[in-house]
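File shown here: start-v1.cif, holding mmCIF, C-alpha atoms and all ligand atoms.
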```cif
data_upload
loop_
_atom_site.label_atom_id
_atom_site.label_comp_id
_atom_site.auth_asym_id
_atom_site.auth_seq_id
_atom_site.Cartn_x
_atom_site.Cartn_y
_atom_site.Cartn_z
CA MET M 1 2.95 4.52 -18.43
CA ALA M 2 6.00 6.12 -16.94
CA LYS M 3 9.39 4.61 -17.55
CA ARG M 4 9.97 1.69 -15.25
CA ARG M 5 13.05 1.88 -13.12
CA THR M 6 14.83 -1.02 -11.55
CA THR M 7 14.26 0.50 -8.12
CA GLY M 8 11.27 -1.55 -6.98
CA PRO M 9 11.02 -3.32 -3.63
CA ALA M 10 13.35 -6.21 -2.89
CA GLU M 11 11.99 -9.72 -3.34
CA SER M 12 12.07 -10.26 0.44
CA VAL M 13 9.91 -7.16 0.97
CA ARG M 14 7.43 -8.28 -1.70
CA GLN M 15 7.13 -11.59 0.11
CA LEU M 16 6.56 -9.80 3.41
CA VAL M 17 3.76 -7.69 1.90
CA TYR M 18 2.17 -10.74 0.28
CA GLU M 19 2.10 -12.60 3.59
CA ARG M 20 0.97 -9.58 5.62
CA ASP M 21 -2.00 -9.02 3.31
CA GLY M 22 -2.84 -12.73 3.23
CA GLY M 23 -2.52 -13.13 -0.53
CA HIS M 24 -5.61 -10.97 -1.11
CA CYS M 25 -6.15 -7.56 -2.67
CA VAL M 26 -6.53 -5.04 0.19
CA ARG M 27 -9.51 -3.37 -1.47
CA CYS M 28 -11.65 -6.08 -3.12
CA ASN M 29 -10.18 -9.24 -1.54
CA SER M 30 -9.39 -10.77 -4.94
CA VAL M 31 -6.65 -13.38 -5.25
CA HIS M 32 -6.14 -12.82 -8.97
CA ARG M 33 -3.71 -10.61 -10.89
CA LEU M 34 -2.04 -9.25 -7.80
CA THR M 35 0.62 -6.60 -7.84
CA ILE M 36 2.47 -4.38 -5.39
CA HIS M 37 1.06 -0.87 -5.03
CA HIS M 38 3.01 2.11 -3.68
CA ARG M 39 0.91 4.24 -1.30
CA VAL M 40 3.21 7.22 -1.72
CA ASN M 41 4.17 7.37 -5.36
CA ARG M 42 7.79 6.89 -6.20
CA GLY M 43 7.71 10.26 -7.90
CA MET M 44 9.76 11.91 -10.58
CA GLY M 45 13.20 11.23 -9.19
CA GLY M 46 12.58 7.55 -8.54
CA ALA M 47 12.89 6.10 -5.08
CA SER M 48 14.77 8.82 -3.24
CA GLU M 49 13.28 8.21 0.21
CA PRO M 50 14.51 5.04 1.94
CA TRP M 51 10.98 4.03 3.04
CA ILE M 52 9.46 4.19 -0.42
CA ASN M 53 10.10 0.47 -1.03
CA GLN M 54 9.45 -0.66 2.54
CA ALA M 55 6.45 -2.70 3.64
CA HIS M 56 4.42 0.14 5.19
CA ASN M 57 4.41 1.99 1.88
CA LEU M 58 3.33 -1.09 -0.07
CA LEU M 59 0.01 -2.88 -0.47
CA LEU M 60 -0.97 -6.07 -2.21
CA VAL M 61 -3.65 -5.14 -4.74
CA CYS M 62 -5.17 -6.55 -7.90
CA THR M 63 -4.51 -4.74 -11.16
CA THR M 64 -8.16 -3.60 -11.32
CA CYS M 65 -7.93 -1.83 -7.96
CA ASN M 66 -4.50 -0.46 -8.82
CA SER M 67 -6.12 1.45 -11.71
CA TRP M 68 -9.14 2.31 -9.56
CA PHE M 69 -6.85 4.14 -7.13
CA GLU M 70 -5.66 6.39 -9.94
CA ASP M 71 -9.25 7.08 -11.06
CA ASN M 72 -10.57 7.67 -7.53
CA PRO M 73 -7.84 9.58 -5.69
CA ARG M 74 -10.11 11.18 -3.08
CA LYS M 75 -11.56 7.88 -1.86
CA SER M 76 -8.14 6.28 -2.06
CA TYR M 77 -6.59 8.93 0.19
CA GLU M 78 -9.51 8.62 2.65
CA ALA M 79 -9.01 4.86 2.91
CA GLY M 80 -5.23 5.18 3.19
CA TRP M 81 -4.63 3.20 0.00
CA LYS M 82 -2.86 6.28 -1.25
CA VAL M 83 -0.84 8.66 0.91
CA ARG M 84 -0.02 12.22 -0.02
CA ARG M 85 3.37 13.73 0.68
CA PRO M 86 4.48 15.06 3.14
CA GLN M 87 2.55 12.47 5.17
CA TYR M 88 4.39 9.26 5.99
CA PRO M 89 2.82 5.87 5.22
CA ASP M 90 3.36 4.56 8.78
CA LYS M 91 1.27 7.49 10.13
CA VAL M 92 -1.74 6.87 7.89
CA GLU M 93 -4.10 3.99 8.63
CA VAL M 94 -5.22 1.67 5.84
CA GLN M 95 -8.66 0.22 5.34
CA TYR M 96 -8.80 -3.53 4.68
CA PRO M 97 -11.64 -5.65 3.24
CA ASP M 98 -12.88 -6.45 6.78
CA GLY M 99 -13.82 -2.77 7.05
CA ARG M 100 -11.26 -2.09 9.78
CA ARG M 101 -8.30 0.24 9.66
CA TYR M 102 -4.80 -0.91 10.32
CA GLN M 103 -1.45 0.69 10.97
CA LEU M 104 1.46 -0.72 8.98
CA THR M 105 5.11 -0.87 9.99
CA SER M 106 8.26 -1.15 7.94
CA ASP M 107 8.94 -4.67 9.22
CA GLY M 108 5.71 -6.05 7.78
CA VAL M 109 3.45 -5.86 10.84
CA ARG M 110 -0.22 -4.93 10.45
CA ALA M 111 -1.80 -3.73 13.71
CA LEU M 112 -5.42 -2.78 14.30
CA ALA M 113 -5.47 1.00 14.52
CA LEU M 114 -6.19 2.33 18.02
CA GLY M 115 -8.64 4.87 16.65
CA ALA M 116 -10.79 2.05 15.29
CA VAL M 117 -11.69 0.75 18.76
CA ARG M 118 -14.77 2.43 20.15
ZN ZN M 201 -8.79 -5.54 -5.97
#
```
Output the file's structure in the form of structure tokens.
Amino acid sequence: MAKRRTTGPAESVRQLVYERDGGHCVRCNSVHRLTIHHRVNRGMGGASEPWINQAHNLLLVCTTCNSWFEDNPRKSYEAGWKVRRPQYPDKVEVQYPDGRRYQLTSDGVRALALGAVR
């Protein structure tokens, strides 16, 4: 594990993410052992970008899925659970347990992605 810095998301943002994701893991729908996952990693220098600790870069996930993302990067990038720099997390849709893809905003809104409607 990397050194933990005291630069995580504010308590109000954590609450926003928890409510947006309905108290369920965004991958497996579990309600147990939940944590906040960063889609774009905080990186070597800590949280340099202002959006790194904002709601659109954060997902509510269980600890099992949090490790799964690290073991399955390709699938995680495809589903939007992870986002690769220089892409921005509000430009990459995220797959939720209902099988649909959503666009996330910094103020904690989750909107059905336009591309998902056929
Ligand atoms: Zn999970």
Let me make sure I understand: among M:Ala111, M:His37, M:Arg101, M:Arg85, which one has the smallest atom-to-atom distance to Ser67 in chain M if we use only C-alpha atoms? M:His37
Between range 42-116 of chain M and range 10-32 of chain M, at 10 Å or less, what are the per-residue closest atom pairs and their distances in Å? Count all atoms listed in the file, order by chain and rising residue number, and return it as a Markdown table.
```
| residue | atom | partner | partner_atom | distance |
| --- | --- | --- | --- | --- |
| M:Asn53 | CA | M:Ala10 | CA | 7.7 |
| M:Gln54 | CA | M:Val13 | CA | 6.7 |
| M:Ala55 | CA | M:Val17 | CA | 5.9 |
| M:His56 | CA | M:Val17 | CA | 8.5 |
| M:Asn57 | CA | M:Val17 | CA | 9.7 |
| M:Leu58 | CA | M:Val17 | CA | 6.9 |
| M:Leu59 | CA | M:Val17 | CA | 6.5 |
| M:Leu60 | CA | M:Cys25 | CA | 5.4 |
| M:Val61 | CA | M:Cys25 | CA | 4.0 |
| M:Cys62 | CA | M:Cys25 | CA | 5.4 |
| M:Thr63 | CA | M:His32 | CA | 8.5 |
| M:Thr64 | CA | M:Cys28 | CA | 9.3 |
| M:Cys65 | CA | M:Arg27 | CA | 6.9 |
| M:Asn66 | CA | M:Arg27 | CA | 9.4 |
| M:Trp68 | CA | M:Arg27 | CA | 9.9 |
| M:Phe69 | CA | M:Arg27 | CA | 9.8 |
| M:Ser76 | CA | M:Arg27 | CA | 9.8 |
| M:Ala79 | CA | M:Arg27 | CA | 9.3 |
| M:Trp81 | CA | M:Arg27 | CA | 8.3 |
| M:Val94 | CA | M:Val26 | CA | 8.9 |
| M:Gln95 | CA | M:Val26 | CA | 7.7 |
| M:Tyr96 | CA | M:Val26 | CA | 5.3 |
| M:Pro97 | CA | M:Arg27 | CA | 5.6 |
| M:Asp98 | CA | M:Asn29 | CA | 9.2 |
| M:Gly99 | CA | M:Arg27 | CA | 9.6 |
| M:Leu104 | CA | M:Arg20 | CA | 9.5 |
| M:Ser106 | CA | M:Val13 | CA | 9.4 |
| M:Asp107 | CA | M:Leu16 | CA | 8.1 |
| M:Gly108 | CA | M:Leu16 | CA | 5.8 |
| M:Val109 | CA | M:Arg20 | CA | 6.9 |
| M:Arg110 | CA | M:Arg20 | CA | 6.8 |
```
Nearest to ligand ZN 201 (chain M) among M:Ile36, M:Thr7, M:Ser48, M:Gln103, with distances taken over all atoms listed in the file: which residue is it? M:Ile36
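Pairwise distance (CA of Tyr102 in chain M, CA of Ile52 in chain M) equals 18.6 Å.
Proximity to Glu93 in chain M was assessed for M:Pro9, M:Glu70, M:Ala113, M:Thr105 counting all atoms listed in the file; the smallest distance is recorded for M:Ala113.
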Just checking: using only C-alpha atoms and all ligand atoms, which residue out of M:Thr35, M:Gly8, M:Asn72, M:Pro50 ends up closest to ligand ZN 201 (chain M)? M:Thr35
With all atoms of range 73-91 of chain M from the file as input, state the centre and edge lengths in Å to one decimal of the axis-aligned box that has 8 Å extra on each side, as JSON.
```
{"center_x": -3.5, "center_y": 9.1, "center_z": 2.2, "size_x": 32.0, "size_y": 27.9, "size_z": 31.8}
```
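Among the candidates M:Leu114, M:Val83, M:Leu34, M:Val40, the residue lying nearest to ligand ZN 201 (chain M) is M:Leu34 (atoms considered: all atoms listed in the file).
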Mind giving me the straight-line distance from CA of His38 in chain M to CA of Val92 in chain M in Å, one decimal?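 Calculated distance between CA of His38 in chain M and CA of Val92 in chain M is 13.4 Å.
Between CA of Lys82 in chain M and CA of Gly43 in chain M there is a distance of 13.1 Å.
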N, CA and C atoms modelled onto range 70-91 of chain M, as a short mmCIF file (atom, residue, chain, number, x, y, z; two decimals), in the coordinates of the input:
```cif
data_model
loop_
_atom_site.label_atom_id
_atom_site.label_comp_id
_atom_site.auth_asym_id
_atom_site.auth_seq_id
_atom_site.Cartn_x
_atom_site.Cartn_y
_atom_site.Cartn_z
N GLU M 70 -6.03 5.22 -9.13
CA GLU M 70 -5.66 6.39 -9.94
C GLU M 70 -6.89 7.16 -10.39
N ASP M 71 -8.01 6.44 -10.61
CA ASP M 71 -9.25 7.08 -11.06
C ASP M 71 -10.05 7.68 -9.91
N ASN M 72 -9.80 7.22 -8.69
CA ASN M 72 -10.57 7.67 -7.53
C ASN M 72 -9.64 8.13 -6.41
N PRO M 73 -8.85 9.18 -6.67
CA PRO M 73 -7.84 9.58 -5.69
C PRO M 73 -8.44 9.99 -4.33
N ARG M 74 -9.58 10.69 -4.35
CA ARG M 74 -10.11 11.18 -3.08
C ARG M 74 -10.46 10.03 -2.14
N LYS M 75 -11.20 9.04 -2.67
CA LYS M 75 -11.56 7.88 -1.86
C LYS M 75 -10.33 7.08 -1.46
N SER M 76 -9.36 7.04 -2.35
CA SER M 76 -8.14 6.28 -2.06
C SER M 76 -7.34 6.91 -0.93
N TYR M 77 -7.29 8.26 -0.91
CA TYR M 77 -6.59 8.93 0.19
C TYR M 77 -7.35 8.74 1.49
N GLU M 78 -8.69 8.80 1.44
CA GLU M 78 -9.51 8.62 2.65
C GLU M 78 -9.28 7.24 3.27
N ALA M 79 -9.16 6.23 2.41
CA ALA M 79 -9.01 4.86 2.91
C ALA M 79 -7.55 4.52 3.22
N GLY M 80 -6.64 5.43 2.90
CA GLY M 80 -5.23 5.18 3.19
C GLY M 80 -4.54 4.31 2.15
N TRP M 81 -5.26 4.01 1.06
CA TRP M 81 -4.63 3.20 0.00
C TRP M 81 -3.60 4.03 -0.74
N LYS M 82 -3.86 5.35 -0.75
CA LYS M 82 -2.86 6.28 -1.25
C LYS M 82 -2.52 7.24 -0.12
N VAL M 83 -1.28 7.70 -0.11
CA VAL M 83 -0.84 8.66 0.91
C VAL M 83 -0.17 9.82 0.19
N ARG M 84 -0.52 11.02 0.63
CA ARG M 84 -0.02 12.22 -0.02
C ARG M 84 1.17 12.76 0.74
N ARG M 85 2.26 13.03 0.05
CA ARG M 85 3.37 13.73 0.68
C ARG M 85 2.84 15.07 1.24
N PRO M 86 3.35 15.57 2.37
CA PRO M 86 4.48 15.06 3.14
C PRO M 86 4.08 14.07 4.23
N GLN M 87 2.90 13.47 4.15
CA GLN M 87 2.55 12.47 5.17
C GLN M 87 3.39 11.22 4.97
N TYR M 88 3.62 10.50 6.06
CA TYR M 88 4.39 9.26 5.99
C TYR M 88 3.45 8.06 6.05
N PRO M 89 3.75 7.01 5.30
CA PRO M 89 2.82 5.87 5.22
C PRO M 89 2.63 5.13 6.55
N ASP M 90 3.58 5.25 7.50
CA ASP M 90 3.36 4.56 8.78
C ASP M 90 2.47 5.39 9.71
N LYS M 91 2.13 6.63 9.30
CA LYS M 91 1.27 7.49 10.13
C LYS M 91 -0.17 7.47 9.64
#
```
